[in-house]
$ cat target-v8.cif   # mmCIF, N, CA and C atoms
data_entry
#
loop_
_atom_site.group_PDB
_atom_site.id
_atom_site.type_symbol
_atom_site.label_atom_id
_atom_site.label_comp_id
_atom_site.auth_asym_id
_atom_site.auth_seq_id
_atom_site.Cartn_x
_atom_site.Cartn_y
_atom_site.Cartn_z
ATOM 1 N N MET A 1 21.040 23.735 -12.548
ATOM 2 C CA MET A 1 21.214 22.704 -11.541
ATOM 3 C C MET A 1 19.859 22.256 -10.987
ATOM 4 N N ALA A 2 18.957 23.200 -10.779
ATOM 5 C CA ALA A 2 17.634 22.866 -10.247
ATOM 6 C C ALA A 2 16.882 21.939 -11.198
ATOM 7 N N LYS A 3 17.034 22.158 -12.507
ATOM 8 C CA LYS A 3 16.363 21.299 -13.483
ATOM 9 C C LYS A 3 16.883 19.864 -13.401
ATOM 10 N N ILE A 4 18.187 19.712 -13.224
ATOM 11 C CA ILE A 4 18.782 18.377 -13.133
ATOM 12 C C ILE A 4 18.259 17.649 -11.888
ATOM 13 N N ILE A 5 18.226 18.345 -10.766
ATOM 14 C CA ILE A 5 17.733 17.745 -9.520
ATOM 15 C C ILE A 5 16.273 17.349 -9.672
ATOM 16 N N LYS A 6 15.476 18.205 -10.289
ATOM 17 C CA LYS A 6 14.062 17.917 -10.473
ATOM 18 C C LYS A 6 13.857 16.681 -11.352
ATOM 19 N N ILE A 7 14.638 16.567 -12.424
ATOM 20 C CA ILE A 7 14.541 15.412 -13.317
ATOM 21 C C ILE A 7 14.949 14.138 -12.585
ATOM 22 N N GLU A 8 16.028 14.200 -11.800
ATOM 23 C CA GLU A 8 16.487 13.026 -11.065
ATOM 24 C C GLU A 8 15.453 12.582 -10.031
ATOM 25 N N GLN A 9 14.825 13.523 -9.342
ATOM 26 C CA GLN A 9 13.806 13.172 -8.356
ATOM 27 C C GLN A 9 12.596 12.546 -9.032
ATOM 28 N N ARG A 10 12.220 13.055 -10.173
ATOM 29 C CA ARG A 10 11.060 12.547 -10.890
ATOM 30 C C ARG A 10 11.322 11.140 -11.419
ATOM 31 N N ASN A 11 12.562 10.846 -11.770
ATOM 32 C CA ASN A 11 12.888 9.554 -12.349
ATOM 33 C C ASN A 11 13.242 8.495 -11.307
ATOM 34 N N HIS A 12 13.271 8.859 -10.035
ATOM 35 C CA HIS A 12 13.597 7.884 -8.995
ATOM 36 C C HIS A 12 12.335 7.099 -8.628
ATOM 37 N N VAL A 13 12.222 5.933 -9.205
ATOM 38 C CA VAL A 13 11.084 5.060 -8.924
ATOM 39 C C VAL A 13 11.634 3.805 -8.258
ATOM 40 N N PRO A 14 11.233 3.535 -7.017
ATOM 41 C CA PRO A 14 11.754 2.332 -6.354
ATOM 42 C C PRO A 14 11.267 1.066 -7.042
ATOM 43 N N VAL A 15 12.086 0.035 -7.000
ATOM 44 C CA VAL A 15 11.754 -1.238 -7.622
ATOM 45 C C VAL A 15 11.647 -2.295 -6.527
ATOM 46 N N TYR A 16 10.542 -3.024 -6.530
ATOM 47 C CA TYR A 16 10.311 -4.071 -5.555
ATOM 48 C C TYR A 16 9.929 -5.350 -6.277
ATOM 49 N N ASP A 17 10.431 -6.460 -5.790
ATOM 50 C CA ASP A 17 10.059 -7.769 -6.330
ATOM 51 C C ASP A 17 8.813 -8.238 -5.574
ATOM 52 N N LEU A 18 7.660 -8.143 -6.204
ATOM 53 C CA LEU A 18 6.404 -8.492 -5.555
ATOM 54 C C LEU A 18 6.232 -9.994 -5.376
ATOM 55 N N ASN A 19 7.087 -10.785 -5.999
ATOM 56 C CA ASN A 19 7.036 -12.239 -5.821
ATOM 57 C C ASN A 19 7.835 -12.693 -4.601
ATOM 58 N N GLN A 20 8.646 -11.800 -4.056
ATOM 59 C CA GLN A 20 9.442 -12.124 -2.883
ATOM 60 C C GLN A 20 8.549 -12.225 -1.644
ATOM 61 N N GLU A 21 8.917 -13.082 -0.730
ATOM 62 C CA GLU A 21 8.162 -13.263 0.513
ATOM 63 C C GLU A 21 8.125 -11.944 1.288
ATOM 64 N N PRO A 22 6.932 -11.476 1.722
ATOM 65 C CA PRO A 22 6.856 -10.207 2.462
ATOM 66 C C PRO A 22 7.467 -10.335 3.858
ATOM 67 N N LEU A 23 7.901 -9.210 4.410
ATOM 68 C CA LEU A 23 8.411 -9.210 5.771
ATOM 69 C C LEU A 23 7.299 -9.529 6.766
ATOM 70 N N MET A 24 6.094 -9.031 6.480
ATOM 71 C CA MET A 24 4.920 -9.305 7.306
ATOM 72 C C MET A 24 3.739 -9.571 6.392
ATOM 73 N N ASP A 25 3.000 -10.628 6.673
ATOM 74 C CA ASP A 25 1.767 -10.877 5.934
ATOM 75 C C ASP A 25 0.589 -10.363 6.755
ATOM 76 N N ILE A 26 -0.616 -10.557 6.273
ATOM 77 C CA ILE A 26 -1.808 -10.013 6.917
ATOM 78 C C ILE A 26 -1.979 -10.549 8.338
ATOM 79 N N HIS A 27 -1.621 -11.790 8.561
ATOM 80 C CA HIS A 27 -1.782 -12.385 9.894
ATOM 81 C C HIS A 27 -0.816 -11.770 10.907
ATOM 82 N N LYS A 28 0.420 -11.557 10.482
ATOM 83 C CA LYS A 28 1.410 -10.927 11.367
ATOM 84 C C LYS A 28 1.019 -9.474 11.632
ATOM 85 N N ILE A 29 0.540 -8.779 10.610
ATOM 86 C CA ILE A 29 0.120 -7.381 10.779
ATOM 87 C C ILE A 29 -1.043 -7.303 11.766
ATOM 88 N N MET A 30 -2.003 -8.215 11.638
ATOM 89 C CA MET A 30 -3.149 -8.202 12.550
ATOM 90 C C MET A 30 -2.757 -8.557 13.982
ATOM 91 N N SER A 31 -1.656 -9.271 14.166
ATOM 92 C CA SER A 31 -1.200 -9.570 15.527
ATOM 93 C C SER A 31 -0.526 -8.355 16.166
ATOM 94 N N VAL A 32 -0.097 -7.393 15.330
ATOM 95 C CA VAL A 32 0.580 -6.197 15.831
ATOM 96 C C VAL A 32 -0.388 -5.022 15.964
ATOM 97 N N LEU A 33 -1.251 -4.839 14.967
ATOM 98 C CA LEU A 33 -2.178 -3.704 14.957
ATOM 99 C C LEU A 33 -3.549 -4.109 15.502
ATOM 100 N N PRO A 34 -4.235 -3.192 16.163
ATOM 101 C CA PRO A 34 -5.577 -3.512 16.655
ATOM 102 C C PRO A 34 -6.659 -3.399 15.575
ATOM 103 N N HIS A 35 -6.331 -2.840 14.423
ATOM 104 C CA HIS A 35 -7.315 -2.617 13.366
ATOM 105 C C HIS A 35 -7.743 -3.932 12.730
ATOM 106 N N ARG A 36 -8.984 -3.961 12.265
ATOM 107 C CA ARG A 36 -9.527 -5.127 11.570
ATOM 108 C C ARG A 36 -10.261 -4.639 10.321
ATOM 109 N N PRO A 37 -10.394 -5.511 9.326
ATOM 110 C CA PRO A 37 -11.142 -5.105 8.139
ATOM 111 C C PRO A 37 -12.536 -4.625 8.521
ATOM 112 N N PRO A 38 -13.079 -3.640 7.908
ATOM 113 C CA PRO A 38 -12.595 -2.948 6.712
ATOM 114 C C PRO A 38 -11.652 -1.782 7.003
ATOM 115 N N PHE A 39 -11.188 -1.630 8.221
ATOM 116 C CA PHE A 39 -10.320 -0.505 8.558
ATOM 117 C C PHE A 39 -8.851 -0.872 8.602
ATOM 118 N N LEU A 40 -8.514 -2.063 8.235
ATOM 119 C CA LEU A 40 -7.122 -2.482 8.140
ATOM 120 C C LEU A 40 -6.694 -2.269 6.693
ATOM 121 N N PHE A 41 -6.037 -1.161 6.431
ATOM 122 C CA PHE A 41 -5.723 -0.768 5.053
ATOM 123 C C PHE A 41 -4.323 -1.203 4.631
ATOM 124 N N ILE A 42 -3.905 -2.373 5.052
ATOM 125 C CA ILE A 42 -2.603 -2.908 4.665
ATOM 126 C C ILE A 42 -2.690 -4.430 4.616
ATOM 127 N N ASP A 43 -2.088 -5.027 3.599
ATOM 128 C CA ASP A 43 -2.092 -6.482 3.466
ATOM 129 C C ASP A 43 -0.709 -7.100 3.636
ATOM 130 N N ARG A 44 0.323 -6.369 3.215
ATOM 131 C CA ARG A 44 1.688 -6.895 3.287
ATOM 132 C C ARG A 44 2.673 -5.769 3.558
ATOM 133 N N ILE A 45 3.721 -6.066 4.288
ATOM 134 C CA ILE A 45 4.859 -5.166 4.456
ATOM 135 C C ILE A 45 5.983 -5.755 3.624
ATOM 136 N N ILE A 46 6.486 -4.985 2.651
ATOM 137 C CA ILE A 46 7.539 -5.519 1.793
ATOM 138 C C ILE A 46 8.909 -4.915 2.068
ATOM 139 N N GLU A 47 8.942 -3.790 2.784
ATOM 140 C CA GLU A 47 10.231 -3.198 3.143
ATOM 141 C C GLU A 47 10.056 -2.397 4.420
ATOM 142 N N MET A 48 11.062 -2.481 5.293
ATOM 143 C CA MET A 48 10.966 -1.745 6.548
ATOM 144 C C MET A 48 12.370 -1.328 6.980
ATOM 145 N N SER A 49 12.484 -0.066 7.392
ATOM 146 C CA SER A 49 13.730 0.436 7.947
ATOM 147 C C SER A 49 13.380 1.363 9.105
ATOM 148 N N GLU A 50 14.366 2.001 9.683
ATOM 149 C CA GLU A 50 14.091 2.924 10.788
ATOM 150 C C GLU A 50 13.415 4.204 10.307
ATOM 151 N N SER A 51 13.525 4.507 9.015
ATOM 152 C CA SER A 51 12.964 5.767 8.507
ATOM 153 C C SER A 51 11.695 5.594 7.672
ATOM 154 N N HIS A 52 11.397 4.367 7.218
ATOM 155 C CA HIS A 52 10.207 4.201 6.375
ATOM 156 C C HIS A 52 9.722 2.749 6.374
ATOM 157 N N ILE A 53 8.482 2.603 5.945
ATOM 158 C CA ILE A 53 7.872 1.291 5.748
ATOM 159 C C ILE A 53 7.154 1.313 4.408
ATOM 160 N N VAL A 54 7.305 0.253 3.632
ATOM 161 C CA VAL A 54 6.606 0.118 2.356
ATOM 162 C C VAL A 54 5.652 -1.052 2.487
ATOM 163 N N GLY A 55 4.366 -0.775 2.260
ATOM 164 C CA GLY A 55 3.354 -1.809 2.367
ATOM 165 C C GLY A 55 2.460 -1.842 1.145
ATOM 166 N N LEU A 56 1.674 -2.896 1.043
ATOM 167 C CA LEU A 56 0.729 -3.057 -0.067
ATOM 168 C C LEU A 56 -0.669 -3.296 0.466
ATOM 169 N N LYS A 57 -1.624 -2.756 -0.244
ATOM 170 C CA LYS A 57 -3.037 -3.019 0.015
ATOM 171 C C LYS A 57 -3.654 -3.484 -1.294
ATOM 172 N N ASN A 58 -4.161 -4.698 -1.316
ATOM 173 C CA ASN A 58 -4.865 -5.201 -2.489
ATOM 174 C C ASN A 58 -6.307 -4.735 -2.409
ATOM 175 N N VAL A 59 -6.758 -4.059 -3.435
ATOM 176 C CA VAL A 59 -8.119 -3.535 -3.471
ATOM 177 C C VAL A 59 -8.921 -4.354 -4.475
ATOM 178 N N THR A 60 -10.067 -4.841 -4.026
ATOM 179 C CA THR A 60 -10.929 -5.632 -4.894
ATOM 180 C C THR A 60 -12.286 -4.947 -5.024
ATOM 181 N N MET A 61 -13.032 -5.336 -6.028
ATOM 182 C CA MET A 61 -14.330 -4.705 -6.294
ATOM 183 C C MET A 61 -15.379 -5.035 -5.234
ATOM 184 N N ASN A 62 -15.188 -6.091 -4.466
ATOM 185 C CA ASN A 62 -16.207 -6.450 -3.482
ATOM 186 C C ASN A 62 -15.991 -5.775 -2.132
ATOM 187 N N GLU A 63 -15.051 -4.846 -2.043
ATOM 188 C CA GLU A 63 -14.860 -4.110 -0.797
ATOM 189 C C GLU A 63 -15.869 -2.983 -0.724
ATOM 190 N N HIS A 64 -16.490 -2.840 0.415
ATOM 191 C CA HIS A 64 -17.627 -1.939 0.593
ATOM 192 C C HIS A 64 -17.322 -0.495 0.189
ATOM 193 N N PHE A 65 -16.180 0.045 0.561
ATOM 194 C CA PHE A 65 -15.924 1.454 0.275
ATOM 195 C C PHE A 65 -15.838 1.728 -1.214
ATOM 196 N N LEU A 66 -15.461 0.740 -2.013
ATOM 197 C CA LEU A 66 -15.437 0.953 -3.460
ATOM 198 C C LEU A 66 -16.841 1.053 -4.035
ATOM 199 N N TRP A 67 -17.763 0.244 -3.548
ATOM 200 C CA TRP A 67 -19.137 0.319 -4.039
ATOM 201 C C TRP A 67 -19.739 1.679 -3.753
ATOM 202 N N VAL A 68 -19.447 2.241 -2.618
ATOM 203 C CA VAL A 68 -19.977 3.567 -2.269
ATOM 204 C C VAL A 68 -19.438 4.609 -3.236
ATOM 205 N N ILE A 69 -18.162 4.540 -3.564
ATOM 206 C CA ILE A 69 -17.576 5.506 -4.506
ATOM 207 C C ILE A 69 -18.239 5.393 -5.868
ATOM 208 N N PHE A 70 -18.409 4.152 -6.374
ATOM 209 C CA PHE A 70 -18.988 3.968 -7.692
ATOM 210 C C PHE A 70 -20.464 4.349 -7.728
ATOM 211 N N LEU A 71 -21.188 4.106 -6.671
ATOM 212 C CA LEU A 71 -22.603 4.465 -6.631
ATOM 213 C C LEU A 71 -22.797 5.974 -6.658
ATOM 214 N N GLU A 72 -21.884 6.718 -6.036
ATOM 215 C CA GLU A 72 -21.996 8.171 -6.009
ATOM 216 C C GLU A 72 -21.771 8.803 -7.371
ATOM 217 N N HIS A 73 -21.065 8.117 -8.272
ATOM 218 C CA HIS A 73 -20.734 8.701 -9.579
ATOM 219 C C HIS A 73 -21.589 8.156 -10.719
ATOM 220 N N GLN A 74 -22.721 7.575 -10.394
ATOM 221 C CA GLN A 74 -23.605 7.077 -11.465
ATOM 222 C C GLN A 74 -24.532 8.154 -11.932
#
$ encode --input "target-v8.cif" --output "structure tokens"
Amino acid sequence: MAKIIKIEQRNHVPVYDLNQEPLMDIHKIMSVLPHRPPFLFIDRIIEMSESHIVGLKNVTMNEHFLWVIFLEHQ
């Protein structure tokens, strides 16, 4: 029974339509949170309930923290 539960948990991957309009975009998030870039680590809220929130952060190569990571591993 434990093996079945483990397999089912491993195979549960949520599916989200990323083309759907987000519940909150970056402007709405910034009106709620006091954080600002580069410390605002969220771009969109795509799902929200009383028990969880699902958000997205788009990471690009021109963000400062990525350059620091890559420079350390040269």
$ atom_distance --input "target-v8.cif" --atom1 "atom N of Phe39 in chain A" --atom2 "CA of Val15 in chain A"
27.9 Å
$ select_by_dssp --input "target-v8.cif" --residues "range 12-56 of chain A" --states "strand (DSSP E or B)" --output "list in words"
Met24, Arg44, Ile45, Ile46, Glu47, Met48, Ile53, Val54, Gly55 and Leu56 of chain A
$ closest_residue --input "target-v8.cif" --among "A:Asp17, A:Asn62, A:Ile42, A:Lys57" --to "Ile29 in chain A" --atoms "only C-alpha atoms"
A:Ile42
$ atom_distance --input "target-v8.cif" --atom1 "CA of Asn58 in chain A" --atom2 "CA of Val13 in chain A"
20.0 Å
$ closest_residue --input "target-v8.cif" --among "A:His35, A:Pro22, A:Lys28, A:Lys3" --to "Met48 in chain A" --atoms "only C-alpha atoms"
A:Pro22
$ atom_distance --input "target-v8.cif" --atom1 "atom C of Ser31 in chain A" --atom2 "CA of Ser51 in chain A"
21.0 Å
$ select_by_dssp --input "target-v8.cif" --residues "range 3-54 of chain A" --states "helix (DSSP H, G or I)" --output "NGL selection string"
:A and (3-11 or 26-32)
$ write_last_selection --input "target-v8.cif" --atoms "N, CA and C atoms" --output "PDB file, keeping the file's coordinate frame"
ATOM      1  N   LYS A   3      17.034  22.158 -12.507  1.00  0.00           N
ATOM      2  CA  LYS A   3      16.363  21.299 -13.483  1.00  0.00           C
ATOM      3  C   LYS A   3      16.883  19.864 -13.401  1.00  0.00           C
ATOM      4  N   ILE A   4      18.187  19.712 -13.224  1.00  0.00           N
ATOM      5  CA  ILE A   4      18.782  18.377 -13.133  1.00  0.00           C
ATOM      6  C   ILE A   4      18.259  17.649 -11.888  1.00  0.00           C
ATOM      7  N   ILE A   5      18.226  18.345 -10.766  1.00  0.00           N
ATOM      8  CA  ILE A   5      17.733  17.745  -9.520  1.00  0.00           C
ATOM      9  C   ILE A   5      16.273  17.349  -9.672  1.00  0.00           C
ATOM     10  N   LYS A   6      15.476  18.205 -10.289  1.00  0.00           N
ATOM     11  CA  LYS A   6      14.062  17.917 -10.473  1.00  0.00           C
ATOM     12  C   LYS A   6      13.857  16.681 -11.352  1.00  0.00           C
ATOM     13  N   ILE A   7      14.638  16.567 -12.424  1.00  0.00           N
ATOM     14  CA  ILE A   7      14.541  15.412 -13.317  1.00  0.00           C
ATOM     15  C   ILE A   7      14.949  14.138 -12.585  1.00  0.00           C
ATOM     16  N   GLU A   8      16.028  14.200 -11.800  1.00  0.00           N
ATOM     17  CA  GLU A   8      16.487  13.026 -11.065  1.00  0.00           C
ATOM     18  C   GLU A   8      15.453  12.582 -10.031  1.00  0.00           C
ATOM     19  N   GLN A   9      14.825  13.523  -9.342  1.00  0.00           N
ATOM     20  CA  GLN A   9      13.806  13.172  -8.356  1.00  0.00           C
ATOM     21  C   GLN A   9      12.596  12.546  -9.032  1.00  0.00           C
ATOM     22  N   ARG A  10      12.220  13.055 -10.173  1.00  0.00           N
ATOM     23  CA  ARG A  10      11.060  12.547 -10.890  1.00  0.00           C
ATOM     24  C   ARG A  10      11.322  11.140 -11.419  1.00  0.00           C
ATOM     25  N   ASN A  11      12.562  10.846 -11.770  1.00  0.00           N
ATOM     26  CA  ASN A  11      12.888   9.554 -12.349  1.00  0.00           C
ATOM     27  C   ASN A  11      13.242   8.495 -11.307  1.00  0.00           C
ATOM     28  N   ILE A  26      -0.616 -10.557   6.273  1.00  0.00           N
ATOM     29  CA  ILE A  26      -1.808 -10.013   6.917  1.00  0.00           C
ATOM     30  C   ILE A  26      -1.979 -10.549   8.338  1.00  0.00           C
ATOM     31  N   HIS A  27      -1.621 -11.790   8.561  1.00  0.00           N
ATOM     32  CA  HIS A  27      -1.782 -12.385   9.894  1.00  0.00           C
ATOM     33  C   HIS A  27      -0.816 -11.770  10.907  1.00  0.00           C
ATOM     34  N   LYS A  28       0.420 -11.557  10.482  1.00  0.00           N
ATOM     35  CA  LYS A  28       1.410 -10.927  11.367  1.00  0.00           C
ATOM     36  C   LYS A  28       1.019  -9.474  11.632  1.00  0.00           C
ATOM     37  N   ILE A  29       0.540  -8.779  10.610  1.00  0.00           N
ATOM     38  CA  ILE A  29       0.120  -7.381  10.779  1.00  0.00           C
ATOM     39  C   ILE A  29      -1.043  -7.303  11.766  1.00  0.00           C
ATOM     40  N   MET A  30      -2.003  -8.215  11.638  1.00  0.00           N
ATOM     41  CA  MET A  30      -3.149  -8.202  12.550  1.00  0.00           C
ATOM     42  C   MET A  30      -2.757  -8.557  13.982  1.00  0.00           C
ATOM     43  N   SER A  31      -1.656  -9.271  14.166  1.00  0.00           N
ATOM     44  CA  SER A  31      -1.200  -9.570  15.527  1.00  0.00           C
ATOM     45  C   SER A  31      -0.526  -8.355  16.166  1.00  0.00           C
ATOM     46  N   VAL A  32      -0.097  -7.393  15.330  1.00  0.00           N
ATOM     47  CA  VAL A  32       0.580  -6.197  15.831  1.00  0.00           C
ATOM     48  C   VAL A  32      -0.388  -5.022  15.964  1.00  0.00           C
TER      49      VAL A  32
END
$ decode --input "target-v8.cif" --residues "range 22-33 of chain A" --atoms "N, CA and C atoms" --output "CSV table (one decimal), in the first residue's frame"
chain,number,residue,atom,x,y,z
A,22,PRO,N,-3.8,36.0,-15.4
A,22,PRO,CA,-3.5,35.7,-14.0
A,22,PRO,C,-4.5,36.4,-13.1
A,23,LEU,N,-4.6,35.9,-11.9
A,23,LEU,CA,-5.5,36.5,-10.9
A,23,LEU,C,-4.9,37.9,-10.4
A,24,MET,N,-3.6,38.0,-10.4
A,24,MET,CA,-2.9,39.2,-10.0
A,24,MET,C,-1.6,39.3,-11.0
A,25,ASP,N,-1.5,40.5,-11.5
A,25,ASP,CA,-0.3,40.7,-12.3
A,25,ASP,C,0.7,41.5,-11.4
A,26,ILE,N,1.9,41.9,-12.0
A,26,ILE,CA,2.9,42.5,-11.2
A,26,ILE,C,2.5,43.8,-10.6
A,27,HIS,N,1.6,44.6,-11.3
A,27,HIS,CA,1.2,45.9,-10.8
A,27,HIS,C,0.3,45.7,-9.6
A,28,LYS,N,-0.6,44.7,-9.6
A,28,LYS,CA,-1.5,44.4,-8.5
A,28,LYS,C,-0.7,43.9,-7.3
A,29,ILE,N,0.2,43.0,-7.6
A,29,ILE,CA,1.1,42.5,-6.5
A,29,ILE,C,1.8,43.6,-5.8
A,30,MET,N,2.4,44.5,-6.6
A,30,MET,CA,3.1,45.6,-6.0
A,30,MET,C,2.3,46.6,-5.2
A,31,SER,N,1.0,46.6,-5.5
A,31,SER,CA,0.1,47.5,-4.8
A,31,SER,C,-0.3,46.8,-3.4
A,32,VAL,N,-0.1,45.5,-3.3
A,32,VAL,CA,-0.4,44.8,-2.1
A,32,VAL,C,0.9,44.6,-1.2
A,33,LEU,N,2.0,44.3,-1.8
A,33,LEU,CA,3.2,44.0,-1.1
A,33,LEU,C,4.1,45.2,-1.1
